[in-house]
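Colleague: My file is structure.tsv. It has TSV, C-alpha atoms:
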```
chain	number	residue	atom	x	y	z
A	186	MET	CA	0.00	0.00	0.00
A	187	LYS	CA	1.28	3.42	-1.01
A	188	PRO	CA	-0.13	6.92	-0.59
A	189	ALA	CA	-1.72	8.20	-3.81
A	190	ALA	CA	0.85	11.03	-3.97
A	191	GLU	CA	3.64	8.46	-4.58
A	192	LEU	CA	1.98	6.89	-7.64
A	193	ARG	CA	3.07	8.24	-11.03
A	194	GLN	CA	2.30	7.77	-14.71
A	195	GLY	CA	2.95	4.10	-15.51
A	196	SER	CA	2.22	2.91	-11.95
A	197	THR	CA	-0.34	0.16	-11.45
A	198	TYR	CA	-2.75	-0.46	-8.58
A	199	ARG	CA	-5.63	-2.77	-7.69
A	200	LYS	CA	-9.08	-1.71	-6.48
A	201	ASN	CA	-11.88	-4.24	-5.84
A	202	ASN	CA	-9.61	-6.93	-7.35
A	203	ILE	CA	-9.44	-5.06	-10.67
A	204	PRO	CA	-6.00	-3.87	-11.90
A	205	TYR	CA	-5.59	-0.31	-13.18
A	206	LEU	CA	-2.76	1.46	-15.03
A	207	ILE	CA	-2.19	5.16	-14.37
A	208	LEU	CA	-1.96	7.00	-17.69
A	209	LYS	CA	-1.64	10.47	-16.17
A	210	ALA	CA	-1.20	11.85	-12.64
A	211	GLU	CA	-1.62	15.48	-11.55
A	212	ARG	CA	-1.30	16.82	-8.01
A	213	HIS	CA	-3.62	19.67	-6.93
A	214	GLN	CA	-3.86	21.73	-3.78
A	215	SER	CA	-6.35	24.56	-3.49
A	216	THR	CA	-5.23	27.62	-1.57
A	217	SER	CA	-8.19	29.81	-2.46
A	218	GLY	CA	-10.46	31.16	0.22
A	219	LYS	CA	-9.83	31.21	3.95
A	220	ARG	CA	-9.59	27.48	4.33
A	221	GLN	CA	-6.88	25.45	2.65
A	222	ARG	CA	-8.07	22.09	1.32
A	223	ALA	CA	-6.08	18.89	1.53
A	224	ALA	CA	-3.86	17.97	-1.41
A	225	GLU	CA	-5.51	15.80	-4.06
A	226	VAL	CA	-4.23	13.70	-6.93
A	227	LYS	CA	-6.18	13.47	-10.18
A	228	PHE	CA	-5.54	10.23	-12.09
A	229	LYS	CA	-6.45	9.23	-15.62
A	230	THR	CA	-6.61	5.44	-15.33
A	231	LYS	CA	-7.15	2.48	-17.61
A	232	GLU	CA	-8.83	-0.67	-16.33
A	233	LEU	CA	-6.45	-3.39	-17.53
A	234	ILE	CA	-9.06	-6.11	-18.06
A	235	SER	CA	-11.77	-4.20	-19.98
A	236	GLY	CA	-9.66	-1.30	-21.28
A	237	LYS	CA	-12.12	1.28	-19.89
A	238	ILE	CA	-10.50	4.69	-19.30
A	239	GLN	CA	-11.70	6.98	-16.52
A	240	GLU	CA	-10.60	9.93	-14.42
A	241	ILE	CA	-10.64	9.82	-10.63
A	242	THR	CA	-9.62	12.25	-7.90
A	243	VAL	CA	-8.36	11.00	-4.52
A	244	LEU	CA	-6.73	12.56	-1.47
A	245	ALA	CA	-2.94	12.53	-1.73
A	246	THR	CA	-2.76	10.64	1.58
A	247	GLU	CA	-5.23	7.90	0.57
A	248	LEU	CA	-3.57	4.47	0.59
A	249	MET	CA	-3.75	2.56	-2.69
A	250	ASP	CA	-2.92	-1.10	-3.30
A	251	ASP	CA	-0.01	-0.80	-5.75
A	252	ILE	CA	0.86	-3.89	-7.79
A	253	ILE	CA	3.80	-4.91	-9.94
A	254	LEU	CA	3.07	-6.26	-13.41
A	255	ASP	CA	5.25	-8.87	-15.11
A	256	ARG	CA	7.24	-7.58	-18.06
A	257	ASN	CA	8.15	-9.72	-21.06
A	258	GLN	CA	10.62	-8.51	-23.65
A	259	MET	CA	8.95	-8.81	-27.04
A	260	GLN	CA	9.51	-7.76	-30.62
A	261	PHE	CA	6.82	-5.86	-32.54
A	262	LEU	CA	6.18	-7.80	-35.75
A	263	TYR	CA	3.32	-6.19	-37.68
A	264	GLU	CA	-0.15	-4.60	-37.50
A	265	ILE	CA	-3.26	-5.82	-39.34
A	266	ASP	CA	-6.71	-4.23	-38.90
A	267	GLY	CA	-5.90	-2.71	-35.49
A	268	GLU	CA	-4.29	-5.88	-34.11
A	269	TYR	CA	-0.63	-5.42	-33.18
A	270	ASN	CA	1.37	-8.65	-33.14
A	271	PHE	CA	4.36	-9.25	-30.87
A	272	MET	CA	6.77	-12.18	-30.44
A	273	ASP	CA	8.36	-13.24	-27.15
A	274	GLN	CA	12.15	-13.09	-27.52
A	275	GLU	CA	12.73	-16.26	-25.47
A	276	THR	CA	9.84	-18.62	-26.30
A	277	PHE	CA	8.98	-17.22	-29.77
A	278	GLU	CA	5.31	-17.30	-28.70
A	279	GLN	CA	3.20	-14.65	-30.45
A	280	ILE	CA	0.47	-12.46	-28.95
A	281	ALA	CA	-1.79	-9.74	-30.35
A	282	LEU	CA	-2.83	-6.50	-28.66
A	283	SER	CA	-5.52	-4.09	-29.85
A	284	THR	CA	-5.17	-0.38	-30.48
A	285	GLU	CA	-7.07	0.22	-27.21
A	286	ASP	CA	-4.55	-1.92	-25.27
A	287	LEU	CA	-1.64	0.09	-26.67
A	288	GLY	CA	-3.07	3.61	-26.38
A	289	ASP	CA	-0.59	6.30	-27.49
A	290	ALA	CA	2.17	3.69	-27.94
A	291	VAL	CA	0.88	3.04	-31.49
A	292	ASN	CA	2.34	6.43	-32.48
A	293	PHE	CA	5.89	5.18	-31.88
A	294	LEU	CA	5.91	1.48	-32.84
A	295	GLU	CA	8.09	0.39	-35.76
A	296	GLU	CA	8.50	-3.16	-37.05
A	297	GLU	CA	11.22	-5.18	-35.28
A	298	MET	CA	11.22	-2.77	-32.31
A	299	ILE	CA	11.93	-4.49	-28.96
A	300	ILE	CA	9.66	-3.36	-26.10
A	301	GLN	CA	8.35	-4.55	-22.74
A	302	VAL	CA	4.84	-6.08	-22.81
A	303	LEU	CA	3.01	-5.76	-19.48
A	304	MET	CA	1.37	-8.97	-18.25
A	305	TYR	CA	-1.24	-9.35	-15.50
A	306	GLU	CA	-1.68	-12.96	-14.35
A	307	GLY	CA	-0.40	-14.21	-17.72
A	308	THR	CA	-2.62	-11.93	-19.82
A	309	PRO	CA	-1.03	-9.14	-21.91
A	310	VAL	CA	-2.55	-5.79	-20.92
A	311	GLY	CA	-0.28	-3.13	-22.41
A	312	VAL	CA	3.25	-2.13	-23.35
A	313	GLU	CA	6.05	-0.08	-21.85
A	314	LEU	CA	8.05	1.91	-24.37
A	315	PRO	CA	11.51	3.37	-23.84
A	316	ASN	CA	11.29	6.99	-22.61
A	317	THR	CA	12.62	8.25	-25.95
A	318	VAL	CA	12.64	7.02	-29.53
A	319	ILE	CA	14.37	8.29	-32.66
A	320	ARG	CA	12.20	8.60	-35.76
A	321	GLU	CA	12.77	10.06	-39.24
A	322	VAL	CA	10.75	13.09	-40.37
A	323	THR	CA	8.85	12.09	-43.54
A	324	TYR	CA	6.98	15.35	-44.10
A	325	THR	CA	7.16	18.95	-42.89
A	326	GLU	CA	6.86	22.37	-44.46
A	327	PRO	CA	10.07	24.39	-44.84
A	328	GLY	CA	10.66	26.93	-42.06
A	329	LEU	CA	10.42	30.60	-42.98
A	330	LYS	CA	13.35	32.90	-42.20
A	331	GLY	CA	12.48	35.62	-39.74
A	332	ASP	CA	9.49	33.70	-38.36
A	333	THR	CA	11.09	33.24	-34.96
A	334	ILE	CA	9.11	35.27	-32.44
A	335	GLY	CA	9.14	33.21	-29.26
A	336	ARG	CA	9.54	29.48	-29.64
A	337	ALA	CA	8.41	29.01	-33.23
A	338	THR	CA	7.31	25.52	-34.24
A	339	LYS	CA	5.68	23.75	-37.17
A	340	PRO	CA	3.97	20.36	-37.59
A	341	ALA	CA	6.03	17.39	-38.77
A	342	THR	CA	5.05	13.80	-39.58
A	343	VAL	CA	7.45	10.99	-38.67
A	344	SER	CA	7.93	7.52	-40.20
A	345	THR	CA	5.20	5.96	-38.01
A	346	GLY	CA	2.59	8.49	-39.22
A	347	TYR	CA	2.59	10.45	-35.96
A	348	THR	CA	2.45	14.27	-36.24
A	349	LEU	CA	4.05	16.56	-33.65
A	350	GLN	CA	5.34	20.12	-33.30
A	351	VAL	CA	9.05	20.66	-34.10
A	352	PRO	CA	11.33	23.73	-34.37
A	353	LEU	CA	11.49	25.52	-37.72
A	354	PHE	CA	14.98	24.21	-38.59
A	355	VAL	CA	13.85	20.55	-38.75
A	356	ALA	CA	13.64	19.29	-42.36
A	357	ILE	CA	12.41	16.19	-44.19
A	358	GLY	CA	14.89	13.33	-43.68
A	359	ASP	CA	16.09	14.58	-40.27
A	360	LYS	CA	16.05	12.08	-37.43
A	361	ILE	CA	14.52	13.48	-34.23
A	362	LYS	CA	14.32	12.28	-30.65
A	363	ILE	CA	10.75	12.10	-29.25
A	364	ASP	CA	9.64	11.72	-25.62
A	365	THR	CA	7.19	8.77	-25.71
A	366	ARG	CA	5.56	9.83	-22.42
A	367	THR	CA	4.45	13.23	-23.74
A	368	GLY	CA	4.75	12.79	-27.53
A	369	GLU	CA	6.89	15.93	-27.73
A	370	TYR	CA	10.03	16.76	-29.70
A	371	ILE	CA	13.25	16.70	-27.64
A	372	GLU	CA	16.11	17.29	-30.10
A	373	ARG	CA	17.50	16.53	-33.51
A	374	ALA	CA	19.37	13.21	-33.54
A	375	ASN	CA	21.59	13.40	-36.66
```
Kindly return the structure encoded in the file as structure tokens.

Modeller:
Amino acid sequence: MKPAAELRQGSTYRKNNIPYLILKAERHQSTSGKRQRAAEVKFKTKELISGKIQEITVLATELMDDIILDRNQMQFLYEIDGEYNFMDQETFEQIALSTEDLGDAVNFLEEEMIIQVLMYEGTPVGVELPNTVIREVTYTEPGLKGDTIGRATKPATVSTGYTLQVPLFVAIGDKIKIDTRTGEYIERAN
């Protein structure tokens, strides 16, 4: 059991014998008015069995039953009609996960990529990507000289089809580093 304030994005917990994955965690503390309220944590969670996503708010001091999921190293093989197929690197057993199981991870998957597949009691429930990936920019408009007031950005599409905001100097063919937790550009990688 851990206080809710110690759980982060990627943590897992169990409530009423149902496992949940925390997709997003935000801490709030109201200081408005004469009376200060207790700190709260707002979670965006995914029920690992049904895939249902919901938002909950709990007190930061509330104890939650944290659990550890098994992780199997697997290779992403291919995707057909929303089914993503992976192969275990030790047993060569293959499993399929749906787009709902993967969530935002589908934006960063490339064939032959090795990732961690999260297992709950032998059932695959999601994946854990590395914190950063390097992808090639396949399309972006050229940056305009002099268009640099503040932090100027433009949209760019990478090899997986994902579109994100990048600085004006990024061009087609550049390799960029992307934070898989936020989906944001970090730096150019060439």

Colleague: For Ile300 (chain A), which of A:Asn316, A:Gln274, A:Thr325, A:Gln258 is the closest residue, counting only C-alpha atoms?

Modeller: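 Of the candidates, the smallest distance to Ile300 (chain A) is held by A:Gln258.
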
Colleague: Do you know which residues are at most 9 Å from Asp289 (chain A) counting all atoms listed in the file, after dropping those on the same chain fewer than 5 positions away, and could you put them as an MDAnalysis selection string?

Modeller: chainID A and resid 284 365:366 368

Colleague: Counting only C-alpha atoms, which residue out of A:Val291, A:Leu353, A:Leu244, A:Met259 sits closest to Thr276 (chain A)?

Modeller: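 Checking each of A:Val291, A:Leu353, A:Leu244, A:Met259 against Thr276 (chain A), counting only C-alpha atoms, the winner is A:Met259.
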
Colleague: With all atoms listed in the file as the basis for distance, which of A:Leu329, A:Ile357, A:Ala281, A:Leu208 is at the shortest distance from Pro309 (chain A)?

Modeller: A:Ala281

Colleague: Work out how far CA of Ala189 (chain A) is from CA of Gln301 (chain A), in Å to one decimal.

Modeller: 24.9 Å

Colleague: Scan for residues within 9 Å of the point (-9.0, -3.6, -12.5) in the coordinates of the file, using all atoms listed in the file, and reply as number ranges by chain.

Modeller: A: 198-206, 231-235

Colleague: Can you report as JSON the centre and edge lengths in Å, to one decimal, of an axis-aligned box around the listed atoms of region 345-358 of chain A padded with 8 Å on each side?

Modeller:
```
{"center_x": 8.7, "center_y": 15.7, "center_z": -38.7, "size_x": 28.5, "size_y": 35.6, "size_z": 26.9}
```

Colleague: One decimal, Å: what's the distance from CA of Asn270 (chain A) over to CA of Gly307 (chain A), could you say?

Modeller: 16.5 Å

Colleague: When you draw a straight line from CA of Gly267 (chain A) to CA of Gly288 (chain A), how long is it in Å?

Modeller: 11.4 Å

Colleague: Go through A:Val343, A:Leu349, A:Leu282, A:Ile319 and flag the residue nearest Ile361 (chain A), using only C-alpha atoms for the distances.

Modeller: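 Ranked by minimum distance to Ile361 (chain A), first place goes to A:Ile319.
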
Colleague: Here is a test: counting only C-alpha atoms, which residue of A:Val302, A:Ala374, A:Val312, A:Ala290 is nearest to Tyr347 (chain A)?

Modeller: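 With only C-alpha atoms as the atom set, the closest residue is A:Ala290.
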
Colleague: Quick one: residues within 12 Å of (-0.1, -15.4, -31.6) (file frame), counting only C-alpha atoms, please, as a short mmCIF file (atom, residue, chain, number, x, y, z; two decimals) with C-alpha atoms, in the coordinates of the input.

Modeller:
```
data_model
loop_
_atom_site.label_atom_id
_atom_site.label_comp_id
_atom_site.auth_asym_id
_atom_site.auth_seq_id
_atom_site.Cartn_x
_atom_site.Cartn_y
_atom_site.Cartn_z
CA PHE A 261 6.82 -5.86 -32.54
CA LEU A 262 6.18 -7.80 -35.75
CA TYR A 263 3.32 -6.19 -37.68
CA GLU A 268 -4.29 -5.88 -34.11
CA TYR A 269 -0.63 -5.42 -33.18
CA ASN A 270 1.37 -8.65 -33.14
CA PHE A 271 4.36 -9.25 -30.87
CA MET A 272 6.77 -12.18 -30.44
CA ASP A 273 8.36 -13.24 -27.15
CA THR A 276 9.84 -18.62 -26.30
CA PHE A 277 8.98 -17.22 -29.77
CA GLU A 278 5.31 -17.30 -28.70
CA GLN A 279 3.20 -14.65 -30.45
CA ILE A 280 0.47 -12.46 -28.95
CA ALA A 281 -1.79 -9.74 -30.35
CA LEU A 282 -2.83 -6.50 -28.66
CA PRO A 309 -1.03 -9.14 -21.91
#
```

Colleague: Between A:Ala190, A:Ile253, A:Ile207, A:Leu248, which is the closest to Val226 (chain A) once you count only C-alpha atoms?

Modeller: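 For Val226 (chain A), the nearest of the candidates is A:Ala190.
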
Colleague: Please extract region 271-325 of chain A and write it out with C-alpha atoms, as a compact mmCIF listing (two decimals), in the first residue's frame.

Modeller:
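Just written: selection18.txt:
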```
# COMPACT_ATOMS: atom_id res chain seq x y z
CA PHE A 271 4.36 -9.25 -30.87
CA MET A 272 6.77 -12.18 -30.44
CA ASP A 273 8.36 -13.24 -27.15
CA GLN A 274 12.15 -13.09 -27.52
CA GLU A 275 12.73 -16.26 -25.47
CA THR A 276 9.84 -18.62 -26.30
CA PHE A 277 8.98 -17.22 -29.77
CA GLU A 278 5.31 -17.30 -28.70
CA GLN A 279 3.20 -14.65 -30.45
CA ILE A 280 0.47 -12.46 -28.95
CA ALA A 281 -1.79 -9.74 -30.35
CA LEU A 282 -2.83 -6.50 -28.66
CA SER A 283 -5.52 -4.09 -29.85
CA THR A 284 -5.17 -0.38 -30.48
CA GLU A 285 -7.07 0.22 -27.21
CA ASP A 286 -4.55 -1.92 -25.27
CA LEU A 287 -1.64 0.09 -26.67
CA GLY A 288 -3.07 3.61 -26.38
CA ASP A 289 -0.59 6.30 -27.49
CA ALA A 290 2.17 3.69 -27.94
CA VAL A 291 0.88 3.04 -31.49
CA ASN A 292 2.34 6.43 -32.48
CA PHE A 293 5.89 5.18 -31.88
CA LEU A 294 5.91 1.48 -32.84
CA GLU A 295 8.09 0.39 -35.76
CA GLU A 296 8.50 -3.16 -37.05
CA GLU A 297 11.22 -5.18 -35.28
CA MET A 298 11.22 -2.77 -32.31
CA ILE A 299 11.93 -4.49 -28.96
CA ILE A 300 9.66 -3.36 -26.10
CA GLN A 301 8.35 -4.55 -22.74
CA VAL A 302 4.84 -6.08 -22.81
CA LEU A 303 3.01 -5.76 -19.48
CA MET A 304 1.37 -8.97 -18.25
CA TYR A 305 -1.24 -9.35 -15.50
CA GLU A 306 -1.68 -12.96 -14.35
CA GLY A 307 -0.40 -14.21 -17.72
CA THR A 308 -2.62 -11.93 -19.82
CA PRO A 309 -1.03 -9.14 -21.91
CA VAL A 310 -2.55 -5.79 -20.92
CA GLY A 311 -0.28 -3.13 -22.41
CA VAL A 312 3.25 -2.13 -23.35
CA GLU A 313 6.05 -0.08 -21.85
CA LEU A 314 8.05 1.91 -24.37
CA PRO A 315 11.51 3.37 -23.84
CA ASN A 316 11.29 6.99 -22.61
CA THR A 317 12.62 8.25 -25.95
CA VAL A 318 12.64 7.02 -29.53
CA ILE A 319 14.37 8.29 -32.66
CA ARG A 320 12.20 8.60 -35.76
CA GLU A 321 12.77 10.06 -39.24
CA VAL A 322 10.75 13.09 -40.37
CA THR A 323 8.85 12.09 -43.54
CA TYR A 324 6.98 15.35 -44.10
CA THR A 325 7.16 18.95 -42.89
```
